[in-house]
$ cat coords-v1.cif   # mmCIF, C-alpha atoms
data_run
#
loop_
_atom_site.group_PDB
_atom_site.id
_atom_site.type_symbol
_atom_site.label_atom_id
_atom_site.label_comp_id
_atom_site.auth_asym_id
_atom_site.auth_seq_id
_atom_site.Cartn_x
_atom_site.Cartn_y
_atom_site.Cartn_z
ATOM 1 C CA MET A 24 -64.762 -26.681 6.770
ATOM 2 C CA LYS A 25 -63.633 -29.661 4.724
ATOM 3 C CA ILE A 26 -59.918 -28.887 4.702
ATOM 4 C CA PHE A 27 -59.805 -28.229 8.463
ATOM 5 C CA SER A 28 -61.652 -31.444 9.280
ATOM 6 C CA LYS A 29 -59.336 -33.531 7.136
ATOM 7 C CA ILE A 30 -56.238 -31.935 8.646
ATOM 8 C CA LEU A 31 -57.657 -32.510 12.141
ATOM 9 C CA SER A 32 -58.318 -36.168 11.332
ATOM 10 C CA PHE A 33 -54.737 -36.551 10.137
ATOM 11 C CA MET A 34 -53.379 -34.933 13.320
ATOM 12 C CA VAL A 35 -55.427 -37.283 15.499
ATOM 13 C CA LEU A 36 -54.176 -40.302 13.529
ATOM 14 C CA PHE A 37 -50.589 -39.069 13.738
ATOM 15 C CA PHE A 38 -50.885 -38.563 17.508
ATOM 16 C CA PHE A 39 -52.272 -42.079 17.955
ATOM 17 C CA ILE A 40 -49.516 -43.688 15.935
ATOM 18 C CA SER A 41 -46.818 -41.627 17.639
ATOM 19 C CA SER A 42 -48.088 -42.595 21.086
ATOM 20 C CA CYS A 43 -47.757 -46.353 20.421
ATOM 21 C CA GLU A 44 -44.563 -47.781 21.858
ATOM 22 C CA GLU A 45 -42.405 -49.799 19.503
ATOM 23 C CA GLY A 46 -42.977 -53.498 20.073
ATOM 24 C CA ASP A 47 -46.267 -52.984 21.896
ATOM 25 C CA LYS A 48 -47.628 -56.507 22.346
ATOM 26 C CA VAL A 49 -51.289 -55.660 21.768
ATOM 27 C CA PHE A 50 -50.493 -53.716 18.599
ATOM 28 C CA ASP A 51 -48.207 -56.502 17.360
ATOM 29 C CA GLU A 52 -50.922 -59.085 17.986
ATOM 30 C CA ILE A 53 -53.461 -57.059 16.005
ATOM 31 C CA GLN A 54 -51.025 -56.646 13.128
ATOM 32 C CA ALA A 55 -50.240 -60.367 13.136
ATOM 33 C CA ASN A 56 -53.909 -61.219 12.738
ATOM 34 C CA VAL A 57 -54.733 -58.714 9.984
ATOM 35 C CA GLN A 58 -55.923 -60.467 6.839
ATOM 36 C CA ARG A 59 -54.089 -58.970 3.884
ATOM 37 C CA GLY A 60 -56.060 -57.914 0.821
ATOM 38 C CA ALA A 61 -55.278 -56.378 -2.557
ATOM 39 C CA VAL A 62 -56.473 -53.645 -4.883
ATOM 40 C CA LEU A 63 -56.096 -52.847 -8.571
ATOM 41 C CA ARG A 64 -55.187 -49.180 -8.877
ATOM 42 C CA THR A 65 -55.948 -47.135 -11.983
ATOM 43 C CA ILE A 66 -52.771 -45.590 -13.392
ATOM 44 C CA ASN A 67 -54.235 -44.235 -16.623
ATOM 45 C CA VAL A 68 -57.496 -44.644 -18.526
ATOM 46 C CA ILE A 69 -56.091 -44.576 -22.044
ATOM 47 C CA SER A 70 -59.331 -45.010 -23.999
ATOM 48 C CA ASN A 71 -62.936 -45.362 -22.831
ATOM 49 C CA GLU A 72 -64.656 -43.992 -25.936
ATOM 50 C CA ILE A 73 -65.907 -46.290 -28.720
ATOM 51 C CA PRO A 74 -66.649 -44.461 -32.017
ATOM 52 C CA ILE A 75 -69.527 -46.306 -33.643
ATOM 53 C CA GLY A 76 -68.587 -48.373 -36.689
ATOM 54 C CA ASN A 77 -64.827 -48.077 -36.053
ATOM 55 C CA ASN A 78 -63.357 -51.569 -35.647
ATOM 56 C CA ASP A 79 -60.069 -50.126 -34.390
ATOM 57 C CA SER A 80 -61.772 -48.431 -31.438
ATOM 58 C CA ASN A 81 -61.062 -49.975 -28.055
ATOM 59 C CA PHE A 82 -61.135 -49.730 -24.298
ATOM 60 C CA SER A 83 -57.677 -49.479 -22.781
ATOM 61 C CA VAL A 84 -56.493 -48.909 -19.219
ATOM 62 C CA GLU A 85 -53.182 -49.136 -17.347
ATOM 63 C CA VAL A 86 -53.550 -50.692 -13.879
ATOM 64 C CA GLU A 87 -51.303 -51.650 -10.986
ATOM 65 C CA ILE A 88 -51.634 -54.419 -8.401
ATOM 66 C CA GLN A 89 -51.103 -53.305 -4.809
ATOM 67 C CA ASP A 90 -50.905 -55.668 -1.843
ATOM 68 C CA GLN A 91 -48.697 -56.260 1.195
ATOM 69 C CA GLU A 92 -46.359 -58.559 -0.750
ATOM 70 C CA ASN A 93 -45.624 -56.345 -3.772
ATOM 71 C CA GLY A 94 -48.195 -58.139 -5.900
ATOM 72 C CA LYS A 95 -47.290 -61.675 -4.830
ATOM 73 C CA LEU A 96 -50.653 -62.237 -3.106
ATOM 74 C CA VAL A 97 -52.474 -62.128 -6.467
ATOM 75 C CA GLN A 98 -52.357 -65.202 -8.696
ATOM 76 C CA ALA A 99 -54.725 -64.026 -11.459
ATOM 77 C CA VAL A 100 -56.698 -61.040 -12.740
ATOM 78 C CA GLU A 101 -59.998 -61.981 -14.375
ATOM 79 C CA VAL A 102 -61.585 -59.647 -16.930
ATOM 80 C CA TYR A 103 -65.358 -59.570 -17.445
ATOM 81 C CA ILE A 104 -67.353 -57.522 -19.948
ATOM 82 C CA GLY A 105 -71.042 -56.729 -20.356
ATOM 83 C CA PHE A 106 -73.305 -54.543 -22.485
ATOM 84 C CA ARG A 107 -75.807 -51.827 -21.533
ATOM 85 C CA ASP A 108 -78.448 -51.098 -24.154
ATOM 86 C CA ASN A 109 -79.133 -47.411 -23.487
ATOM 87 C CA THR A 110 -80.963 -46.789 -26.768
ATOM 88 C CA VAL A 111 -83.837 -49.272 -26.524
ATOM 89 C CA ALA A 112 -87.050 -47.758 -27.893
ATOM 90 C CA ASP A 113 -90.662 -48.558 -27.027
ATOM 91 C CA GLY A 114 -91.585 -51.995 -28.312
ATOM 92 C CA GLU A 115 -87.951 -53.039 -28.822
ATOM 93 C CA THR A 116 -86.118 -55.739 -26.901
ATOM 94 C CA ASP A 117 -83.715 -54.554 -24.211
ATOM 95 C CA LEU A 118 -80.360 -56.036 -25.187
ATOM 96 C CA ASP A 119 -78.615 -55.614 -21.810
ATOM 97 C CA THR A 120 -76.372 -58.645 -21.267
ATOM 98 C CA GLU A 121 -74.963 -60.489 -18.292
ATOM 99 C CA GLU A 122 -71.223 -60.018 -18.035
ATOM 100 C CA VAL A 123 -68.968 -62.775 -19.365
ATOM 101 C CA LEU A 124 -65.383 -63.766 -18.561
ATOM 102 C CA VAL A 125 -63.224 -62.816 -21.563
ATOM 103 C CA GLU A 126 -59.669 -63.205 -20.296
ATOM 104 C CA ILE A 127 -57.532 -64.280 -17.339
ATOM 105 C CA LEU A 128 -54.354 -62.247 -16.905
ATOM 106 C CA ASP A 129 -51.222 -63.704 -15.306
ATOM 107 C CA PRO A 130 -49.566 -61.149 -12.970
ATOM 108 C CA SER A 131 -46.174 -62.769 -13.570
ATOM 109 C CA THR A 132 -46.262 -61.301 -17.088
ATOM 110 C CA PHE A 133 -46.817 -57.735 -15.811
ATOM 111 C CA SER A 134 -44.006 -55.193 -15.858
ATOM 112 C CA ILE A 135 -42.723 -53.561 -12.670
ATOM 113 C CA GLY A 136 -43.734 -49.910 -12.276
ATOM 114 C CA GLU A 137 -41.987 -46.989 -10.614
ATOM 115 C CA PHE A 138 -43.117 -48.076 -7.128
ATOM 116 C CA GLY A 139 -41.895 -51.650 -7.540
ATOM 117 C CA LEU A 140 -45.404 -53.016 -8.132
ATOM 118 C CA PRO A 141 -46.790 -55.063 -11.066
ATOM 119 C CA ARG A 142 -48.409 -53.009 -13.847
ATOM 120 C CA THR A 143 -50.047 -53.850 -17.125
ATOM 121 C CA THR A 144 -52.030 -52.185 -19.894
ATOM 122 C CA TYR A 145 -55.202 -54.032 -20.823
ATOM 123 C CA THR A 146 -56.841 -53.365 -24.198
ATOM 124 C CA ILE A 147 -59.935 -54.885 -25.801
ATOM 125 C CA THR A 148 -61.329 -53.814 -29.186
ATOM 126 C CA LEU A 149 -64.922 -53.236 -30.246
ATOM 127 C CA PRO A 150 -65.012 -56.398 -32.450
ATOM 128 C CA GLU A 151 -63.615 -58.472 -29.570
ATOM 129 C CA MET A 152 -66.293 -57.218 -27.182
ATOM 130 C CA VAL A 153 -69.113 -57.804 -29.668
ATOM 131 C CA ALA A 154 -67.823 -61.325 -30.441
ATOM 132 C CA ALA A 155 -67.757 -62.248 -26.742
ATOM 133 C CA LEU A 156 -71.349 -61.156 -26.092
ATOM 134 C CA PRO A 157 -74.738 -62.289 -27.474
ATOM 135 C CA ILE A 158 -75.070 -59.137 -29.608
ATOM 136 C CA SER A 159 -74.193 -58.088 -33.171
ATOM 137 C CA ASN A 160 -72.698 -54.938 -34.662
ATOM 138 C CA ASP A 161 -76.202 -53.832 -35.649
ATOM 139 C CA ASP A 162 -77.216 -53.860 -31.965
ATOM 140 C CA VAL A 163 -74.597 -51.279 -30.993
ATOM 141 C CA ASP A 164 -75.713 -47.653 -31.163
ATOM 142 C CA GLY A 165 -74.569 -44.294 -29.852
ATOM 143 C CA SER A 166 -74.873 -43.916 -26.037
ATOM 144 C CA ASP A 167 -74.755 -47.685 -25.475
ATOM 145 C CA GLN A 168 -72.035 -48.809 -23.091
ATOM 146 C CA PHE A 169 -69.719 -51.750 -22.577
ATOM 147 C CA THR A 170 -68.758 -52.546 -18.988
ATOM 148 C CA ILE A 171 -65.282 -53.842 -18.182
ATOM 149 C CA ARG A 172 -64.767 -55.325 -14.713
ATOM 150 C CA PHE A 173 -61.570 -56.705 -13.192
ATOM 151 C CA GLU A 174 -61.494 -59.245 -10.389
ATOM 152 C CA LEU A 175 -58.382 -60.116 -8.384
ATOM 153 C CA VAL A 176 -57.952 -63.781 -7.450
ATOM 154 C CA LEU A 177 -55.578 -64.224 -4.509
ATOM 155 C CA VAL A 178 -53.355 -67.235 -3.892
ATOM 156 C CA ASP A 179 -55.539 -68.266 -0.943
ATOM 157 C CA GLY A 180 -58.693 -68.217 -3.100
ATOM 158 C CA ARG A 181 -60.119 -64.906 -1.917
ATOM 159 C CA ARG A 182 -61.450 -62.502 -4.538
ATOM 160 C CA TYR A 183 -61.650 -58.702 -4.707
ATOM 161 C CA SER A 184 -63.641 -56.615 -7.173
ATOM 162 C CA PHE A 185 -66.167 -53.806 -7.532
ATOM 163 C CA ALA A 186 -68.478 -55.094 -4.753
ATOM 164 C CA ASP A 187 -65.656 -54.755 -2.214
ATOM 165 C CA ASN A 188 -65.040 -51.077 -2.924
ATOM 166 C CA SER A 189 -65.188 -48.245 -0.418
ATOM 167 C CA GLY A 190 -65.063 -44.474 -0.811
ATOM 168 C CA THR A 191 -61.308 -44.582 -0.178
ATOM 169 C CA LEU A 192 -60.669 -46.965 -3.052
ATOM 170 C CA THR A 193 -62.805 -45.071 -5.563
ATOM 171 C CA GLY A 194 -61.587 -41.551 -4.794
ATOM 172 C CA SER A 195 -59.447 -39.708 -7.310
ATOM 173 C CA PHE A 196 -56.283 -39.796 -5.142
ATOM 174 C CA PHE A 197 -56.315 -43.588 -4.809
ATOM 175 C CA SER A 198 -58.534 -44.846 -7.602
ATOM 176 C CA SER A 199 -59.362 -48.538 -7.616
ATOM 177 C CA PRO A 200 -62.846 -48.829 -9.128
ATOM 178 C CA PHE A 201 -62.358 -52.324 -10.689
ATOM 179 C CA LEU A 202 -65.367 -51.471 -12.902
ATOM 180 C CA TYR A 203 -65.111 -49.237 -15.994
ATOM 181 C CA THR A 204 -67.483 -48.201 -18.770
ATOM 182 C CA ALA A 205 -66.696 -47.594 -22.428
ATOM 183 C CA THR A 206 -69.325 -45.442 -24.121
ATOM 184 C CA VAL A 207 -70.265 -45.805 -27.786
ATOM 185 C CA VAL A 208 -70.170 -42.378 -29.442
ATOM 186 C CA CYS A 209 -70.806 -40.962 -32.894
ATOM 187 C CA PRO A 210 -67.800 -39.688 -34.857
ATOM 188 C CA PRO A 211 -66.807 -36.132 -33.947
ATOM 189 C CA LYS A 212 -68.356 -33.300 -35.931
ATOM 190 C CA PRO A 213 -68.203 -29.504 -35.748
ATOM 191 C CA PRO A 214 -69.902 -28.387 -32.516
ATOM 192 C CA THR A 215 -73.404 -26.980 -32.910
ATOM 193 C CA PRO A 216 -73.218 -23.156 -33.182
ATOM 194 C CA GLY A 217 -74.918 -21.196 -30.442
ATOM 195 C CA VAL A 218 -75.004 -21.022 -26.664
ATOM 196 C CA TRP A 219 -73.849 -24.147 -24.811
ATOM 197 C CA THR A 220 -74.678 -24.720 -21.137
ATOM 198 C CA VAL A 221 -72.694 -26.356 -18.347
ATOM 199 C CA GLU A 222 -74.578 -27.441 -15.208
ATOM 200 C CA MET A 223 -72.152 -27.857 -12.293
ATOM 201 C CA GLN A 224 -72.410 -29.566 -8.899
ATOM 202 C CA ASP A 225 -70.176 -30.015 -5.854
ATOM 203 C CA ALA A 226 -71.134 -32.844 -3.488
ATOM 204 C CA PHE A 227 -69.572 -31.238 -0.395
ATOM 205 C CA GLY A 228 -71.036 -27.798 -1.051
ATOM 206 C CA ASP A 229 -67.895 -25.685 -0.970
ATOM 207 C CA GLY A 230 -67.231 -25.016 -4.635
ATOM 208 C CA TRP A 231 -64.733 -26.643 -6.955
ATOM 209 C CA GLN A 232 -61.153 -27.309 -5.895
ATOM 210 C CA PRO A 233 -59.741 -29.243 -8.829
ATOM 211 C CA THR A 234 -56.223 -30.655 -8.766
ATOM 212 C CA THR A 235 -55.228 -29.249 -5.339
ATOM 213 C CA ALA A 236 -56.708 -28.987 -1.862
ATOM 214 C CA ASP A 237 -57.008 -25.201 -1.856
ATOM 215 C CA GLY A 238 -58.654 -24.475 -5.188
ATOM 216 C CA GLY A 239 -56.997 -22.632 -8.003
ATOM 217 C CA GLY A 240 -57.715 -23.026 -11.688
ATOM 218 C CA PRO A 241 -60.828 -24.133 -13.567
ATOM 219 C CA GLY A 242 -62.249 -27.640 -13.464
ATOM 220 C CA LEU A 243 -63.300 -27.655 -17.130
ATOM 221 C CA VAL A 244 -61.492 -25.963 -20.021
ATOM 222 C CA VAL A 245 -63.180 -25.703 -23.431
ATOM 223 C CA THR A 246 -60.893 -24.860 -26.351
ATOM 224 C CA LEU A 247 -62.393 -24.023 -29.760
ATOM 225 C CA SER A 248 -60.484 -24.573 -32.995
ATOM 226 C CA ASP A 249 -60.336 -20.803 -33.563
ATOM 227 C CA GLY A 250 -58.228 -20.479 -30.386
ATOM 228 C CA THR A 251 -61.005 -19.294 -28.054
ATOM 229 C CA VAL A 252 -60.643 -20.731 -24.533
ATOM 230 C CA TYR A 253 -63.371 -20.923 -21.876
ATOM 231 C CA GLU A 254 -62.448 -21.685 -18.240
ATOM 232 C CA ILE A 255 -65.347 -23.102 -16.243
ATOM 233 C CA GLY A 256 -65.980 -23.997 -12.601
ATOM 234 C CA LEU A 257 -67.686 -23.142 -9.311
ATOM 235 C CA CYS A 258 -66.010 -20.550 -7.081
ATOM 236 C CA THR A 259 -64.386 -21.829 -3.875
ATOM 237 C CA PRO A 260 -64.296 -19.871 -0.598
ATOM 238 C CA TYR A 261 -60.754 -20.997 0.198
ATOM 239 C CA GLU A 262 -58.932 -18.689 -2.204
ATOM 240 C CA ASP A 263 -59.251 -16.658 -5.383
ATOM 241 C CA PRO A 264 -59.254 -19.400 -8.057
ATOM 242 C CA GLY A 265 -57.676 -17.083 -10.613
ATOM 243 C CA TYR A 266 -60.354 -17.235 -13.304
ATOM 244 C CA ASP A 267 -63.930 -16.038 -13.870
ATOM 245 C CA CYS A 268 -65.665 -18.762 -11.869
ATOM 246 C CA THR A 269 -69.412 -19.161 -11.255
ATOM 247 C CA ASP A 270 -70.892 -18.401 -7.820
ATOM 248 C CA GLY A 271 -72.585 -21.322 -6.088
ATOM 249 C CA ALA A 272 -71.168 -23.520 -3.348
ATOM 250 C CA SER A 273 -73.202 -26.605 -4.250
ATOM 251 C CA SER A 274 -74.303 -25.935 -7.830
ATOM 252 C CA GLY A 275 -74.265 -23.387 -10.603
ATOM 253 C CA THR A 276 -74.835 -22.820 -14.302
ATOM 254 C CA THR A 277 -72.694 -21.114 -16.899
ATOM 255 C CA THR A 278 -72.685 -20.805 -20.680
ATOM 256 C CA PHE A 279 -70.244 -20.385 -23.540
ATOM 257 C CA THR A 280 -70.824 -19.538 -27.197
ATOM 258 C CA VAL A 281 -69.713 -21.418 -30.298
ATOM 259 C CA PRO A 282 -69.637 -19.004 -33.265
ATOM 260 C CA ALA A 283 -71.504 -20.025 -36.407
ATOM 261 C CA GLY A 284 -69.373 -21.058 -39.363
ATOM 262 C CA LEU A 285 -66.029 -20.517 -37.626
ATOM 263 C CA THR A 286 -65.562 -23.506 -35.334
ATOM 264 C CA GLU A 287 -64.494 -26.824 -36.787
ATOM 265 C CA ALA A 288 -63.899 -28.587 -33.475
ATOM 266 C CA ALA A 289 -63.977 -28.167 -29.702
ATOM 267 C CA ASP A 290 -61.869 -29.830 -27.032
ATOM 268 C CA PHE A 291 -63.361 -30.409 -23.562
ATOM 269 C CA ASN A 292 -60.689 -31.056 -20.939
ATOM 270 C CA PHE A 293 -61.380 -31.919 -17.297
ATOM 271 C CA ARG A 294 -58.503 -30.765 -15.078
ATOM 272 C CA GLY A 295 -59.140 -33.246 -12.263
ATOM 273 C CA ASP A 296 -61.083 -33.746 -9.049
ATOM 274 C CA PHE A 297 -58.910 -33.685 -5.908
ATOM 275 C CA TRP A 298 -61.729 -34.519 -3.480
ATOM 276 C CA GLY A 299 -63.896 -36.660 -5.776
ATOM 277 C CA GLU A 300 -66.862 -34.251 -5.455
ATOM 278 C CA ILE A 301 -67.123 -32.515 -8.834
ATOM 279 C CA SER A 302 -69.823 -33.437 -11.335
ATOM 280 C CA PHE A 303 -71.252 -31.601 -14.349
ATOM 281 C CA GLN A 304 -73.331 -31.878 -17.509
ATOM 282 C CA ILE A 305 -72.647 -30.338 -20.924
ATOM 283 C CA ILE A 306 -75.738 -29.305 -22.904
ATOM 284 C CA THR A 307 -75.812 -28.206 -26.558
ATOM 285 C CA PRO A 308 -77.844 -25.302 -28.007
ATOM 286 C CA ASN A 309 -80.393 -27.934 -29.092
ATOM 287 C CA GLY A 310 -81.029 -28.721 -25.418
ATOM 288 C CA ASN A 311 -79.377 -32.139 -25.560
ATOM 289 C CA THR A 312 -77.032 -33.410 -22.844
ATOM 290 C CA VAL A 313 -73.936 -34.737 -24.623
ATOM 291 C CA ALA A 314 -71.771 -35.388 -21.538
ATOM 292 C CA ASP A 315 -72.822 -36.319 -17.989
ATOM 293 C CA ILE A 316 -69.716 -36.460 -15.811
ATOM 294 C CA PRO A 317 -70.085 -38.108 -12.373
ATOM 295 C CA ALA A 318 -68.113 -37.250 -9.240
ATOM 296 C CA GLY A 319 -64.751 -38.983 -9.040
ATOM 297 C CA THR A 320 -64.053 -38.861 -12.782
ATOM 298 C CA GLU A 321 -60.381 -39.005 -13.724
ATOM 299 C CA ALA A 322 -58.738 -35.943 -15.242
ATOM 300 C CA GLY A 323 -58.524 -35.867 -19.018
ATOM 301 C CA SER A 324 -60.431 -35.249 -22.230
ATOM 302 C CA ILE A 325 -64.228 -35.401 -21.944
ATOM 303 C CA ALA A 326 -65.966 -37.669 -24.459
ATOM 304 C CA ILE A 327 -68.796 -35.779 -26.180
ATOM 305 C CA ASP A 328 -71.654 -37.991 -27.342
ATOM 306 C CA TYR A 329 -72.404 -36.448 -30.746
ATOM 307 C CA CYS A 330 -75.088 -39.082 -31.344
ATOM 308 C CA LYS A 331 -77.323 -37.204 -28.906
ATOM 309 C CA ASP A 332 -77.095 -33.856 -30.697
#

$ encode --input "coords-v1.cif" --output "structure tokens"
Amino acid sequence: MKIFSKILSFMVLFFFISSCEEGDKVFDEIQANVQRGAVLRTINVISNEIPIGNNDSNFSVEVEIQDQENGKLVQAVEVYIGFRDNTVADGETDLDTEEVLVEILDPSTFSIGEFGLPRTTYTITLPEMVAALPISNDDVDGSDQFTIRFELVLVDGRRYSFADNSGTLTGSFFSSPFLYTATVVCPPKPPTPGVWTVEMQDAFGDGWQPTTADGGGPGLVVTLSDGTVYEIGLCTPYEDPGYDCTDGASSGTTTFTVPAGLTEAADFNFRGDFWGEISFQIITPNGNTVADIPAGTEAGSIAIDYCKD
């Protein structure tokens, strides 16, 4: 079982650390020769949805530098952006671009967060991204994506970014992806009336355990403007999750209904992913997938791509 194995691993690590004598020469020598690195932790993804044609729309994220010297090992944070043309049709030119350097951030200008580490909020608008790339406003369509990548430059010249990631750094507990995507979406509209479908997966094969290690509560909550609430997720064997979950350890399908003529809007809220294993797709009554959520996604509102419906 996943929980047992992780607890066992922790106990073994604790035993090993506890058994080391203070001042052990071999241990001290290893520590003295460890090369210190750095990560850029995600505090909050503020905006990663770009409504098409809205010049005020932007990508915005709050990040925090973490290293062994409280951020002093990092001398600069470089920001790169690129463009993914996801709407190229037959016979059209693929407008995917190479990423370009758009800004160099000085960590000395960052504020100090609650853990004594440098934090900043980085924001870039749709017009700024278009101006930096070899594309025009007419080239940007629904479902296209801008990529935003951060790269840490250390005082000794070493660099850390997306290519240096591991599963530990990209998990939901300690999230340091370095690379983000901002999806271009159509303006919100009333959800299509009828039966919607949610396809759900769990990478470990033991159901959904959002937010906590032992399950409890839905992973996805859909709230209609008429007050109707749907709680959605895969059942977990570890405890009664407390809602009408869907059977299926590795995958499952459920539906919910949007009444005709009564629903002006719908809110899709993802409650979180404690283990980084939950993924799902939201499909409209027209059979179109308007959200494809990968494992490891941060908790928060789900961006619905109305251009696809």

$ resolve_selection --input "coords-v1.cif" --expression "the PyMOL selection byres ((chain A and resi 244) around 9)" --output "PyMOL selection string"
chain A and resi 241-243+245-246+252-256+290-294

$ closest_residue --input "coords-v1.cif" --among "A:Pro150, A:Asn109, A:Gly180, A:Ser134" --to "A:Gly60" --atoms "all atoms listed in the file"
A:Gly180

$ closest_residue --input "coords-v1.cif" --among "A:Gln89, A:Ser159, A:Ser80, A:Thr312" --to "A:Tyr183" --atoms "all atoms listed in the file"
A:Gln89

$ resolve_selection --input "coords-v1.cif" --expression "the PyMOL selection byres ((chain A and resi 321-329) around 7)" --output "list in words"
Glu72, Ser166, Ser195, Val208, Cys209, Pro210, Pro211, Phe291, Asn292, Phe293, Arg294, Gly295, Asp296, Val313, Ala314, Gly319, Thr320, Cys330, Lys331 and Asp332 of chain A

$ atom_distance --input "coords-v1.cif" --atom1 "atom CA of A:Leu63" --atom2 "atom CA of A:Ile88"
4.7 Å

$ resolve_selection --input "coords-v1.cif" --expression "the PyMOL selection byres ((chain A and resi 156) around 12)" --output "PyMOL selection string"
chain A and resi 103-107+118-125+149-155+157-160+162-163+169-170

$ residues_around --input "coords-v1.cif" --residues "stretch 302-305 of chain A" --least-positions-apart "6" --cutoff "8 Å" --atoms "only C-alpha atoms" --output "NGL selection string"
:A and (219-226 or 312-319)

$ residues_near_point --input "coords-v1.cif" --point "(-52.9, -60.3, -6.6)" --cutoff "12 Å" --atoms "only C-alpha atoms" --output "PDB file with C-alpha atoms, in the coordinates of the input"
ATOM      1  CA  ARG A  59     -54.089 -58.970   3.884  1.00  0.00           C
ATOM      2  CA  GLY A  60     -56.060 -57.914   0.821  1.00  0.00           C
ATOM      3  CA  ALA A  61     -55.278 -56.378  -2.557  1.00  0.00           C
ATOM      4  CA  VAL A  62     -56.473 -53.645  -4.883  1.00  0.00           C
ATOM      5  CA  LEU A  63     -56.096 -52.847  -8.571  1.00  0.00           C
ATOM      6  CA  ARG A  64     -55.187 -49.180  -8.877  1.00  0.00           C
ATOM      7  CA  GLU A  87     -51.303 -51.650 -10.986  1.00  0.00           C
ATOM      8  CA  ILE A  88     -51.634 -54.419  -8.401  1.00  0.00           C
ATOM      9  CA  GLN A  89     -51.103 -53.305  -4.809  1.00  0.00           C
ATOM     10  CA  ASP A  90     -50.905 -55.668  -1.843  1.00  0.00           C
ATOM     11  CA  GLN A  91     -48.697 -56.260   1.195  1.00  0.00           C
ATOM     12  CA  GLU A  92     -46.359 -58.559  -0.750  1.00  0.00           C
ATOM     13  CA  ASN A  93     -45.624 -56.345  -3.772  1.00  0.00           C
ATOM     14  CA  GLY A  94     -48.195 -58.139  -5.900  1.00  0.00           C
ATOM     15  CA  LYS A  95     -47.290 -61.675  -4.830  1.00  0.00           C
ATOM     16  CA  LEU A  96     -50.653 -62.237  -3.106  1.00  0.00           C
ATOM     17  CA  VAL A  97     -52.474 -62.128  -6.467  1.00  0.00           C
ATOM     18  CA  GLN A  98     -52.357 -65.202  -8.696  1.00  0.00           C
ATOM     19  CA  ALA A  99     -54.725 -64.026 -11.459  1.00  0.00           C
ATOM     20  CA  VAL A 100     -56.698 -61.040 -12.740  1.00  0.00           C
ATOM     21  CA  GLU A 101     -59.998 -61.981 -14.375  1.00  0.00           C
ATOM     22  CA  LEU A 128     -54.354 -62.247 -16.905  1.00  0.00           C
ATOM     23  CA  ASP A 129     -51.222 -63.704 -15.306  1.00  0.00           C
ATOM     24  CA  PRO A 130     -49.566 -61.149 -12.970  1.00  0.00           C
ATOM     25  CA  SER A 131     -46.174 -62.769 -13.570  1.00  0.00           C
ATOM     26  CA  PHE A 133     -46.817 -57.735 -15.811  1.00  0.00           C
ATOM     27  CA  LEU A 140     -45.404 -53.016  -8.132  1.00  0.00           C
ATOM     28  CA  PRO A 141     -46.790 -55.063 -11.066  1.00  0.00           C
ATOM     29  CA  ARG A 142     -48.409 -53.009 -13.847  1.00  0.00           C
ATOM     30  CA  PHE A 173     -61.570 -56.705 -13.192  1.00  0.00           C
ATOM     31  CA  GLU A 174     -61.494 -59.245 -10.389  1.00  0.00           C
ATOM     32  CA  LEU A 175     -58.382 -60.116  -8.384  1.00  0.00           C
ATOM     33  CA  VAL A 176     -57.952 -63.781  -7.450  1.00  0.00           C
ATOM     34  CA  LEU A 177     -55.578 -64.224  -4.509  1.00  0.00           C
ATOM     35  CA  VAL A 178     -53.355 -67.235  -3.892  1.00  0.00           C
ATOM     36  CA  ASP A 179     -55.539 -68.266  -0.943  1.00  0.00           C
ATOM     37  CA  GLY A 180     -58.693 -68.217  -3.100  1.00  0.00           C
ATOM     38  CA  ARG A 181     -60.119 -64.906  -1.917  1.00  0.00           C
ATOM     39  CA  ARG A 182     -61.450 -62.502  -4.538  1.00  0.00           C
ATOM     40  CA  TYR A 183     -61.650 -58.702  -4.707  1.00  0.00           C
ATOM     41  CA  SER A 184     -63.641 -56.615  -7.173  1.00  0.00           C
TER      42      SER A 184
END

$ axis_aligned_box --input "coords-v1.cif" --around "stretch 178-183 of chain A" --padding-each-side "4 Å" --output "JSON"
{"center_x": -57.5, "center_y": -63.5, "center_z": -2.8, "size_x": 16.3, "size_y": 17.6, "size_z": 11.8}

$ residues_around --input "coords-v1.cif" --residues "A:Gly284" --least-positions-apart "5" --cutoff "10 Å" --atoms "only C-alpha atoms" --output "list in words"
Pro213, Thr215 and Pro216 of chain A

$ atom_distance --input "coords-v1.cif" --atom1 "atom CA of A:Leu247" --atom2 "atom CA of A:Tyr266"
17.9 Å

$ atom_distance --input "coords-v1.cif" --atom1 "atom CA of A:Gly230" --atom2 "atom CA of A:Thr278"
17.5 Å

$ residues_near_point --input "coords-v1.cif" --point "(-57.5, -30.8, -8.4)" --cutoff "6 Å" --atoms "only C-alpha atoms" --output "ChimeraX atom specification"
/A:232-235,295-297

$ closest_residue --input "coords-v1.cif" --among "A:Glu126, A:Gly240, A:Thr110, A:Phe82" --to "A:Asp267" --atoms "all atoms listed in the file"
A:Gly240

$ closest_residue --input "coords-v1.cif" --among "A:Gly136, A:Pro308, A:Gly114, A:Gly299" --to "A:Thr280" --atoms "all atoms listed in the file"
A:Pro308
